[in-house]
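K.L.:
Below you'll find data-v4.txt; it's compact mmCIF, C-alpha atoms and all ligand atoms.
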# COMPACT_ATOMS: atom_id res chain seq x y z
CA MET N 1 -23.15 -1.32 7.30
CA ALA N 2 -19.60 -0.10 6.91
CA PHE N 3 -18.77 1.99 3.85
CA ASN N 4 -15.60 0.77 2.12
CA VAL N 5 -13.40 2.66 -0.30
CA ALA N 6 -10.63 0.72 -2.09
CA ILE N 7 -7.70 2.62 -3.59
CA ASP N 8 -5.24 0.56 -5.60
CA GLY N 9 -2.36 1.52 -7.81
CA PRO N 10 1.39 1.28 -8.35
CA ALA N 11 4.09 2.47 -5.96
CA GLY N 12 4.39 6.23 -5.72
CA ALA N 13 1.07 7.12 -7.37
CA GLY N 14 0.15 9.08 -4.24
CA LYS N 15 -2.22 6.56 -2.70
CA SER N 16 -1.23 7.04 0.93
CA THR N 17 -1.07 10.84 0.80
CA ILE N 18 -4.48 11.00 -0.87
CA ALA N 19 -6.07 8.28 1.26
CA LYS N 20 -4.84 9.85 4.49
CA ARG N 21 -6.27 13.25 3.57
CA LEU N 22 -9.52 11.83 2.35
CA ALA N 23 -9.98 9.64 5.42
CA LYS N 24 -9.68 12.74 7.59
CA GLU N 25 -12.19 14.67 5.51
CA LEU N 26 -14.70 11.82 5.43
CA ASP N 27 -13.98 10.77 9.03
CA PHE N 28 -13.07 7.26 7.90
CA ILE N 29 -10.28 4.99 9.13
CA TYR N 30 -7.28 4.88 6.81
CA VAL N 31 -5.76 1.43 6.36
CA ASP N 32 -2.36 1.36 4.64
CA THR N 33 -2.01 -2.30 3.65
CA GLY N 34 1.43 -1.73 2.10
CA ALA N 35 2.67 -0.89 5.60
CA MET N 36 1.56 -4.35 6.77
CA TYR N 37 3.59 -6.01 3.99
CA ARG N 38 6.49 -3.77 4.94
CA GLY N 39 6.20 -4.91 8.57
CA ILE N 40 6.56 -8.53 7.51
CA ALA N 41 9.47 -7.60 5.21
CA LEU N 42 11.26 -5.83 8.06
CA TYR N 43 10.94 -8.95 10.19
CA MET N 44 12.58 -11.02 7.44
CA ILE N 45 15.46 -8.54 7.16
CA GLN N 46 15.96 -8.41 10.93
CA ASN N 47 16.07 -12.20 11.07
CA GLY N 48 18.40 -12.67 8.12
CA ILE N 49 15.86 -14.50 5.95
CA ASP N 50 16.53 -14.64 2.19
CA GLY N 51 13.62 -12.90 0.47
CA ASN N 52 14.03 -15.09 -2.60
CA ASN N 53 13.49 -18.25 -0.57
CA GLU N 54 9.72 -18.73 -0.46
CA ASP N 55 9.89 -21.75 1.84
CA ALA N 56 11.98 -19.92 4.41
CA VAL N 57 9.77 -16.81 4.29
CA SER N 58 6.59 -18.89 4.53
CA LYS N 59 7.91 -20.74 7.57
CA GLU N 60 9.06 -17.57 9.32
CA VAL N 61 5.83 -15.70 8.63
CA GLU N 62 4.14 -17.95 11.20
CA ASN N 63 6.16 -16.13 13.87
CA VAL N 64 5.13 -12.70 12.70
CA ASN N 65 2.31 -10.78 14.23
CA VAL N 66 1.51 -7.57 12.37
CA SER N 67 -1.20 -5.31 13.66
CA ILE N 68 -2.39 -1.81 13.19
CA ALA N 69 -3.08 0.67 15.95
CA TYR N 70 -4.24 4.27 15.82
CA GLU N 71 -2.86 7.11 17.87
CA LYS N 72 -4.42 10.54 17.44
CA GLY N 73 -5.80 9.38 14.09
CA ALA N 74 -2.41 8.27 12.75
CA GLN N 75 -1.79 4.66 11.82
CA LYS N 76 0.97 2.79 13.63
CA VAL N 77 2.32 -0.55 12.45
CA LEU N 78 3.12 -2.96 15.25
CA LEU N 79 5.50 -5.83 14.57
CA ASN N 80 5.23 -8.39 17.35
CA GLY N 81 4.09 -5.55 19.59
CA GLU N 82 6.84 -3.07 18.66
CA ASP N 83 6.00 0.16 16.83
CA VAL N 84 8.03 -0.08 13.61
CA SER N 85 6.29 2.74 11.70
CA GLY N 86 9.55 4.67 11.35
CA LYS N 87 11.63 1.67 10.28
CA ILE N 88 9.58 0.42 7.36
CA ARG N 89 10.10 3.38 5.00
CA THR N 90 13.47 2.45 3.53
CA GLU N 91 14.50 1.23 0.09
CA GLU N 92 15.75 -2.01 1.66
CA VAL N 93 12.33 -2.73 3.15
CA SER N 94 10.62 -1.70 -0.13
CA ALA N 95 12.70 -4.19 -2.08
CA MET N 96 12.12 -6.99 0.44
CA ALA N 97 8.35 -6.28 0.61
CA SER N 98 8.13 -6.42 -3.17
CA LYS N 99 9.51 -9.98 -3.07
CA THR N 100 7.79 -11.34 0.02
CA SER N 101 4.36 -9.91 -0.81
CA ALA N 102 4.22 -12.28 -3.79
CA TYR N 103 4.09 -15.33 -1.50
CA LYS N 104 0.81 -17.06 -0.69
CA ALA N 105 1.58 -17.54 3.02
CA VAL N 106 2.32 -13.82 3.39
CA ARG N 107 -0.86 -12.72 1.60
CA GLU N 108 -3.04 -15.17 3.53
CA LYS N 109 -1.63 -13.89 6.78
CA LEU N 110 -2.96 -10.39 6.03
CA LEU N 111 -6.18 -11.15 4.18
CA ASP N 112 -8.42 -11.81 7.20
CA LEU N 113 -6.97 -8.92 9.16
CA GLN N 114 -7.72 -6.51 6.30
CA ARG N 115 -11.24 -7.85 5.73
CA ASP N 116 -12.05 -7.68 9.45
CA MET N 117 -11.02 -4.06 9.62
CA ALA N 118 -13.22 -3.23 6.62
CA SER N 119 -16.25 -5.09 7.94
CA GLN N 120 -16.20 -3.24 11.24
CA ASN N 121 -15.32 0.28 10.14
CA ASN N 122 -15.86 2.83 7.42
CA VAL N 123 -12.46 2.47 5.78
CA LEU N 124 -10.37 3.90 3.08
CA MET N 125 -7.99 1.06 2.33
CA ASP N 126 -5.08 1.40 -0.06
CA GLY N 127 -2.91 -1.28 -1.63
CA ARG N 128 -2.61 -3.36 -4.78
CA ASP N 129 -5.40 -5.92 -4.58
CA ILE N 130 -8.03 -4.24 -2.43
CA GLY N 131 -10.62 -3.77 -5.18
CA THR N 132 -9.86 -7.09 -6.87
CA THR N 133 -9.33 -9.51 -3.98
CA ILE N 134 -9.68 -8.12 -0.47
CA LEU N 135 -12.88 -6.09 -0.85
CA PRO N 136 -14.48 -7.11 -4.15
CA ASN N 137 -17.74 -5.53 -2.94
CA ALA N 138 -16.23 -2.19 -1.93
CA ASP N 139 -18.65 0.72 -2.36
CA VAL N 140 -16.08 2.76 -4.27
CA LYS N 141 -13.02 1.47 -6.14
CA ILE N 142 -10.33 3.82 -7.37
CA TYR N 143 -7.30 2.88 -9.47
CA LEU N 144 -4.77 5.67 -8.93
CA THR N 145 -1.89 5.86 -11.39
CA ALA N 146 0.86 8.24 -12.53
CA SER N 147 3.74 7.96 -14.98
CA VAL N 148 6.97 6.26 -13.84
CA GLU N 149 8.85 9.57 -14.15
CA THR N 150 6.36 11.44 -11.99
CA ARG N 151 6.36 8.74 -9.35
CA ALA N 152 10.15 8.57 -9.22
CA LYS N 153 10.42 12.33 -8.87
CA ARG N 154 7.93 12.30 -5.98
CA ARG N 155 9.89 9.60 -4.12
CA TYR N 156 13.10 11.51 -4.80
CA ASP N 157 11.64 14.71 -3.35
CA GLU N 158 10.46 12.81 -0.26
CA TYR N 159 13.95 11.48 0.44
CA ILE N 160 15.56 14.86 -0.16
CA ALA N 161 13.05 16.49 2.20
CA LYS N 162 14.06 13.95 4.86
CA GLY N 163 17.71 14.90 4.29
CA GLU N 164 18.60 11.53 2.76
CA SER N 165 20.81 11.35 -0.30
CA CYS N 166 19.49 9.42 -3.29
CA ASP N 167 19.74 8.96 -7.02
CA LEU N 168 16.76 9.75 -9.25
CA LYS N 169 17.68 7.23 -11.94
CA ALA N 170 18.13 4.47 -9.35
CA ILE N 171 14.69 5.26 -7.88
CA GLU N 172 13.17 5.13 -11.37
CA GLU N 173 14.72 1.72 -12.01
CA ASP N 174 13.56 0.52 -8.62
CA ILE N 175 9.98 1.65 -9.34
CA LYS N 176 10.02 -0.18 -12.67
CA THR N 177 11.21 -3.36 -10.95
CA ARG N 178 8.54 -3.08 -8.28
CA ASP N 179 5.82 -2.42 -10.89
CA HIS N 180 6.96 -5.50 -12.74
CA ASN N 181 6.97 -7.63 -9.58
CA ASP N 182 3.59 -6.32 -8.43
CA MET N 183 1.90 -6.69 -11.82
CA THR N 184 3.23 -10.07 -12.89
CA ARG N 185 3.08 -12.08 -9.69
CA GLU N 186 0.80 -15.10 -9.67
CA ILE N 187 -1.34 -14.29 -6.65
CA SER N 188 -3.30 -11.04 -6.49
CA PRO N 189 -1.27 -9.10 -9.07
CA LEU N 190 -1.76 -5.36 -9.25
CA LYS N 191 -4.44 -4.63 -11.80
CA LYS N 192 -7.39 -2.35 -12.19
CA ALA N 193 -10.63 -3.96 -11.02
CA GLU N 194 -13.22 -3.99 -13.82
CA ASP N 195 -15.49 -1.67 -11.87
CA ALA N 196 -12.74 0.65 -10.62
CA ILE N 197 -12.56 4.30 -11.69
CA GLU N 198 -9.10 5.20 -13.00
CA VAL N 199 -7.56 8.47 -11.84
CA ASP N 200 -4.22 9.51 -13.40
CA SER N 201 -2.48 11.88 -10.99
CA SER N 202 0.53 12.70 -13.22
CA TYR N 203 -0.60 16.25 -13.86
CA MET N 204 -2.89 16.78 -10.91
CA THR N 205 -2.20 18.41 -7.55
CA ILE N 206 -2.95 16.52 -4.35
CA ASP N 207 -5.92 18.82 -3.73
CA GLU N 208 -7.36 18.06 -7.16
CA VAL N 209 -7.07 14.31 -6.68
CA VAL N 210 -8.61 14.48 -3.20
CA GLU N 211 -11.52 16.56 -4.52
CA GLU N 212 -12.15 14.22 -7.44
CA ILE N 213 -12.21 11.08 -5.30
CA LYS N 214 -14.25 12.79 -2.59
CA THR N 215 -16.89 13.70 -5.17
CA ILE N 216 -17.01 10.07 -6.36
CA CYS N 217 -17.42 8.85 -2.76
CA LYS N 218 -20.10 11.41 -1.87
CA GLU N 219 -22.18 10.31 -4.85
CA LYS N 220 -22.30 6.77 -3.44
CA MET N 221 -22.77 7.59 0.25
O1 LIG U 1 2.43 0.61 -1.08
P1 LIG U 1 3.79 0.19 -0.54
O2 LIG U 1 4.94 0.65 -1.38
O3 LIG U 1 3.97 0.58 0.89
O4 LIG U 1 3.78 -1.43 -0.60
C1 LIG U 1 4.89 -2.20 -0.21
C2 LIG U 1 4.90 -3.50 -1.00
O5 LIG U 1 3.80 -4.33 -0.61
C3 LIG U 1 4.81 -3.36 -2.52
O6 LIG U 1 5.86 -4.07 -3.15
C4 LIG U 1 3.51 -3.98 -2.92
C5 LIG U 1 3.09 -4.79 -1.73
N1 LIG U 1 1.66 -4.70 -1.50
C6 LIG U 1 0.86 -5.71 -1.96
O7 LIG U 1 1.35 -6.65 -2.58
N2 LIG U 1 -0.48 -5.68 -1.72
C7 LIG U 1 -1.03 -4.66 -1.06
N3 LIG U 1 -2.34 -4.66 -0.83
C8 LIG U 1 -0.23 -3.60 -0.60
C9 LIG U 1 1.12 -3.63 -0.84
What do you get writing this file as structure tokens?
Ligand code: DC

P.N.:
Amino acid sequence: MAFNVAIDGPAGAGKSTIAKRLAKELDFIYVDTGAMYRGIALYMIQNGIDGNNEDAVSKEVENVNVSIAYEKGAQKVLLNGEDVSGKIRTEEVSAMASKTSAYKAVREKLLDLQRDMASQNNVLMDGRDIGTTILPNADVKIYLTASVETRAKRRYDEYIAKGESCDLKAIEEDIKTRDHNDMTREISPLKKAEDAIEVDSSYMTIDEVVEEIKTICKEKM
């Protein structure tokens, strides 16, 4: 039987950094479900689809094939066969993904793919609805949070490190908007599963968070 760890939480809480590290240490496969939603969002941008138009997005999503491949342990997102891993980490894609991920057709498209991956592999899957909807029977469920200010500062530092110019206040506002979209949408809103363990990373280092979650996992393995 595959061992499944679900890590949910708001944008910028550190889910992917933590999950990636932990997956390596536990020798699990890391599945970044946000990247799949970003792949679909990128397709909509490239094809000039209005993200506010649910009918148009739902129709177009039939033409999208998102899959995940692994190369030397790193996850690659394939959009209709093309590796788009580098193209999905922009504010434009973030904003589009926040809108399109609220639509039923988009979520249904990814649900089976995510469940299949978890049934066949020991996975550490991160997202918004993994513990509540995708893997309600996950062996470990973590709800990873951090304050808006901390999350905005982390995103800001990431952009600066990449040499991109950005505005801290604008990032903060963007995070608040995305939190609101993710938490108030009708289908699979972001919320802590009843049986999830909450970890607030605001004042913790990456190492501390990894250690804490690893200890929780080891107790259940
Ligand atoms: O984690 P992220 O920022 O890469 O996610 C991109 C968007 O996709 C974000 O607006 C929330 C959405 N998402 C979702 O609705 N459900 C998931 N399981 C993962 C991400």

K.L.:
Using CA of Ile197 (chain N) and CA of Lys24 (chain N) as the two end points, give the distance in Å to one decimal.

P.N.:
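CA of Lys24 (chain N) lies at a distance of 21.2 Å from CA of Ile197 (chain N).
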
K.L.:
Hey, which residues come within 9 Å of ligand LIG 1 (chain U) if we count all atoms listed in the file? Could you give them as a PyMOL selection string?

P.N.:
chain N and resi 8-12+15-16+32-38+41+88-89+93-102+107+110+125-130+134+178-179+181-182+188-190

K.L.:
Quick one: write out the picked residues with C-alpha atoms as a JSON list (two decimals), keeping the file's coordinate frame?

P.N.:
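Result written to result_14.json:
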[["chain", "number", "residue", "atom", "x", "y", "z"],
["N", 8, "ASP", "CA", -5.24, 0.56, -5.60],
["N", 9, "GLY", "CA", -2.36, 1.52, -7.81],
["N", 10, "PRO", "CA", 1.39, 1.28, -8.35],
["N", 11, "ALA", "CA", 4.09, 2.47, -5.96],
["N", 12, "GLY", "CA", 4.39, 6.23, -5.72],
["N", 15, "LYS", "CA", -2.22, 6.56, -2.70],
["N", 16, "SER", "CA", -1.23, 7.04, 0.93],
["N", 32, "ASP", "CA", -2.36, 1.36, 4.64],
["N", 33, "THR", "CA", -2.01, -2.30, 3.65],
["N", 34, "GLY", "CA", 1.43, -1.73, 2.10],
["N", 35, "ALA", "CA", 2.67, -0.89, 5.60],
["N", 36, "MET", "CA", 1.56, -4.35, 6.77],
["N", 37, "TYR", "CA", 3.59, -6.01, 3.99],
["N", 38, "ARG", "CA", 6.49, -3.77, 4.94],
["N", 41, "ALA", "CA", 9.47, -7.60, 5.21],
["N", 88, "ILE", "CA", 9.58, 0.42, 7.36],
["N", 89, "ARG", "CA", 10.10, 3.38, 5.00],
["N", 93, "VAL", "CA", 12.33, -2.73, 3.15],
["N", 94, "SER", "CA", 10.62, -1.70, -0.13],
["N", 95, "ALA", "CA", 12.70, -4.19, -2.08],
["N", 96, "MET", "CA", 12.12, -6.99, 0.44],
["N", 97, "ALA", "CA", 8.35, -6.28, 0.61],
["N", 98, "SER", "CA", 8.13, -6.42, -3.17],
["N", 99, "LYS", "CA", 9.51, -9.98, -3.07],
["N", 100, "THR", "CA", 7.79, -11.34, 0.02],
["N", 101, "SER", "CA", 4.36, -9.91, -0.81],
["N", 102, "ALA", "CA", 4.22, -12.28, -3.79],
["N", 107, "ARG", "CA", -0.86, -12.72, 1.60],
["N", 110, "LEU", "CA", -2.96, -10.39, 6.03],
["N", 125, "MET", "CA", -7.99, 1.06, 2.33],
["N", 126, "ASP", "CA", -5.08, 1.40, -0.06],
["N", 127, "GLY", "CA", -2.91, -1.28, -1.63],
["N", 128, "ARG", "CA", -2.61, -3.36, -4.78],
["N", 129, "ASP", "CA", -5.40, -5.92, -4.58],
["N", 130, "ILE", "CA", -8.03, -4.24, -2.43],
["N", 134, "ILE", "CA", -9.68, -8.12, -0.47],
["N", 178, "ARG", "CA", 8.54, -3.08, -8.28],
["N", 179, "ASP", "CA", 5.82, -2.42, -10.89],
["N", 181, "ASN", "CA", 6.97, -7.63, -9.58],
["N", 182, "ASP", "CA", 3.59, -6.32, -8.43],
["N", 188, "SER", "CA", -3.30, -11.04, -6.49],
["N", 189, "PRO", "CA", -1.27, -9.10, -9.07],
["N", 190, "LEU", "CA", -1.76, -5.36, -9.25]]

K.L.:
Report, in Å with one decimal, the straight-line distance from CA of Leu22 (chain N) to CA of Gln114 (chain N).

P.N.:
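Separation of CA of Leu22 (chain N) and CA of Gln114 (chain N): 18.8 Å.
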
K.L.:
With distances taken over only C-alpha atoms, which of N:Val31, N:Leu168, N:Ile187, N:Ile45 is nearest to Arg155 (chain N)?

P.N.:
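Among N:Val31, N:Leu168, N:Ile187, N:Ile45, it is N:Leu168 that comes nearest to Arg155 (chain N).
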
K.L.:
Point out the residue among N:Gly163, N:Gly51, N:Gly14, N:Gly39 with the least atom-to-atom distance to Met204 (chain N), counting only C-alpha atoms.

P.N.:
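Nearest candidate to Met204 (chain N) out of N:Gly163, N:Gly51, N:Gly14, N:Gly39: N:Gly14.
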
K.L.:
Measuring between all atoms listed in the file, which one of N:Val66, N:Lys141, N:Leu42, N:Ser58 shows the shortest distance to Gly86 (chain N)?

P.N.:
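Once distances to Gly86 (chain N) are computed over all atoms listed in the file, the minimum belongs to N:Leu42.
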
K.L.:
I'd like the interatomic distance between CA of Asn53 (chain N) and CA of Glu108 (chain N), to a tenth of an Å.

P.N.:
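Taking CA of Asn53 (chain N) and CA of Glu108 (chain N), their separation equals 17.3 Å.
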
K.L.:
Residues proximal to (-15.2, -4.9, -8.3) were defined as those with any atom within 12 Å of that point in the file's coordinates, counting all atoms listed in the file. Which are they, as a list in words?

P.N.:
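Returned residue set, sorted by chain then number, is Asn4, Val5, Ala6, Ile7, Asp8, Asp129, Ile130, Gly131, Thr132, Thr133, Ile134, Leu135, Pro136, Asn137, Ala138, Asp139, Val140, Lys141, Ile142, Tyr143, Lys191, Lys192, Ala193, Glu194, Asp195, Ala196 and Ile197 of chain N.
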
K.L.:
Those residues you just picked out, can you put them in a file as a PDB file, in the coordinates of the input with C-alpha atoms?

P.N.:
ATOM      1  CA  ASN N   4     -15.600   0.770   2.120  1.00  0.00           C
ATOM      2  CA  VAL N   5     -13.400   2.660  -0.300  1.00  0.00           C
ATOM      3  CA  ALA N   6     -10.630   0.720  -2.090  1.00  0.00           C
ATOM      4  CA  ILE N   7      -7.700   2.620  -3.590  1.00  0.00           C
ATOM      5  CA  ASP N   8      -5.240   0.560  -5.600  1.00  0.00           C
ATOM      6  CA  ASP N 129      -5.400  -5.920  -4.580  1.00  0.00           C
ATOM      7  CA  ILE N 130      -8.030  -4.240  -2.430  1.00  0.00           C
ATOM      8  CA  GLY N 131     -10.620  -3.770  -5.180  1.00  0.00           C
ATOM      9  CA  THR N 132      -9.860  -7.090  -6.870  1.00  0.00           C
ATOM     10  CA  THR N 133      -9.330  -9.510  -3.980  1.00  0.00           C
ATOM     11  CA  ILE N 134      -9.680  -8.120  -0.470  1.00  0.00           C
ATOM     12  CA  LEU N 135     -12.880  -6.090  -0.850  1.00  0.00           C
ATOM     13  CA  PRO N 136     -14.480  -7.110  -4.150  1.00  0.00           C
ATOM     14  CA  ASN N 137     -17.740  -5.530  -2.940  1.00  0.00           C
ATOM     15  CA  ALA N 138     -16.230  -2.190  -1.930  1.00  0.00           C
ATOM     16  CA  ASP N 139     -18.650   0.720  -2.360  1.00  0.00           C
ATOM     17  CA  VAL N 140     -16.080   2.760  -4.270  1.00  0.00           C
ATOM     18  CA  LYS N 141     -13.020   1.470  -6.140  1.00  0.00           C
ATOM     19  CA  ILE N 142     -10.330   3.820  -7.370  1.00  0.00           C
ATOM     20  CA  TYR N 143      -7.300   2.880  -9.470  1.00  0.00           C
ATOM     21  CA  LYS N 191      -4.440  -4.630 -11.800  1.00  0.00           C
ATOM     22  CA  LYS N 192      -7.390  -2.350 -12.190  1.00  0.00           C
ATOM     23  CA  ALA N 193     -10.630  -3.960 -11.020  1.00  0.00           C
ATOM     24  CA  GLU N 194     -13.220  -3.990 -13.820  1.00  0.00           C
ATOM     25  CA  ASP N 195     -15.490  -1.670 -11.870  1.00  0.00           C
ATOM     26  CA  ALA N 196     -12.740   0.650 -10.620  1.00  0.00           C
ATOM     27  CA  ILE N 197     -12.560   4.300 -11.690  1.00  0.00           C
TER      28      ILE N 197
END
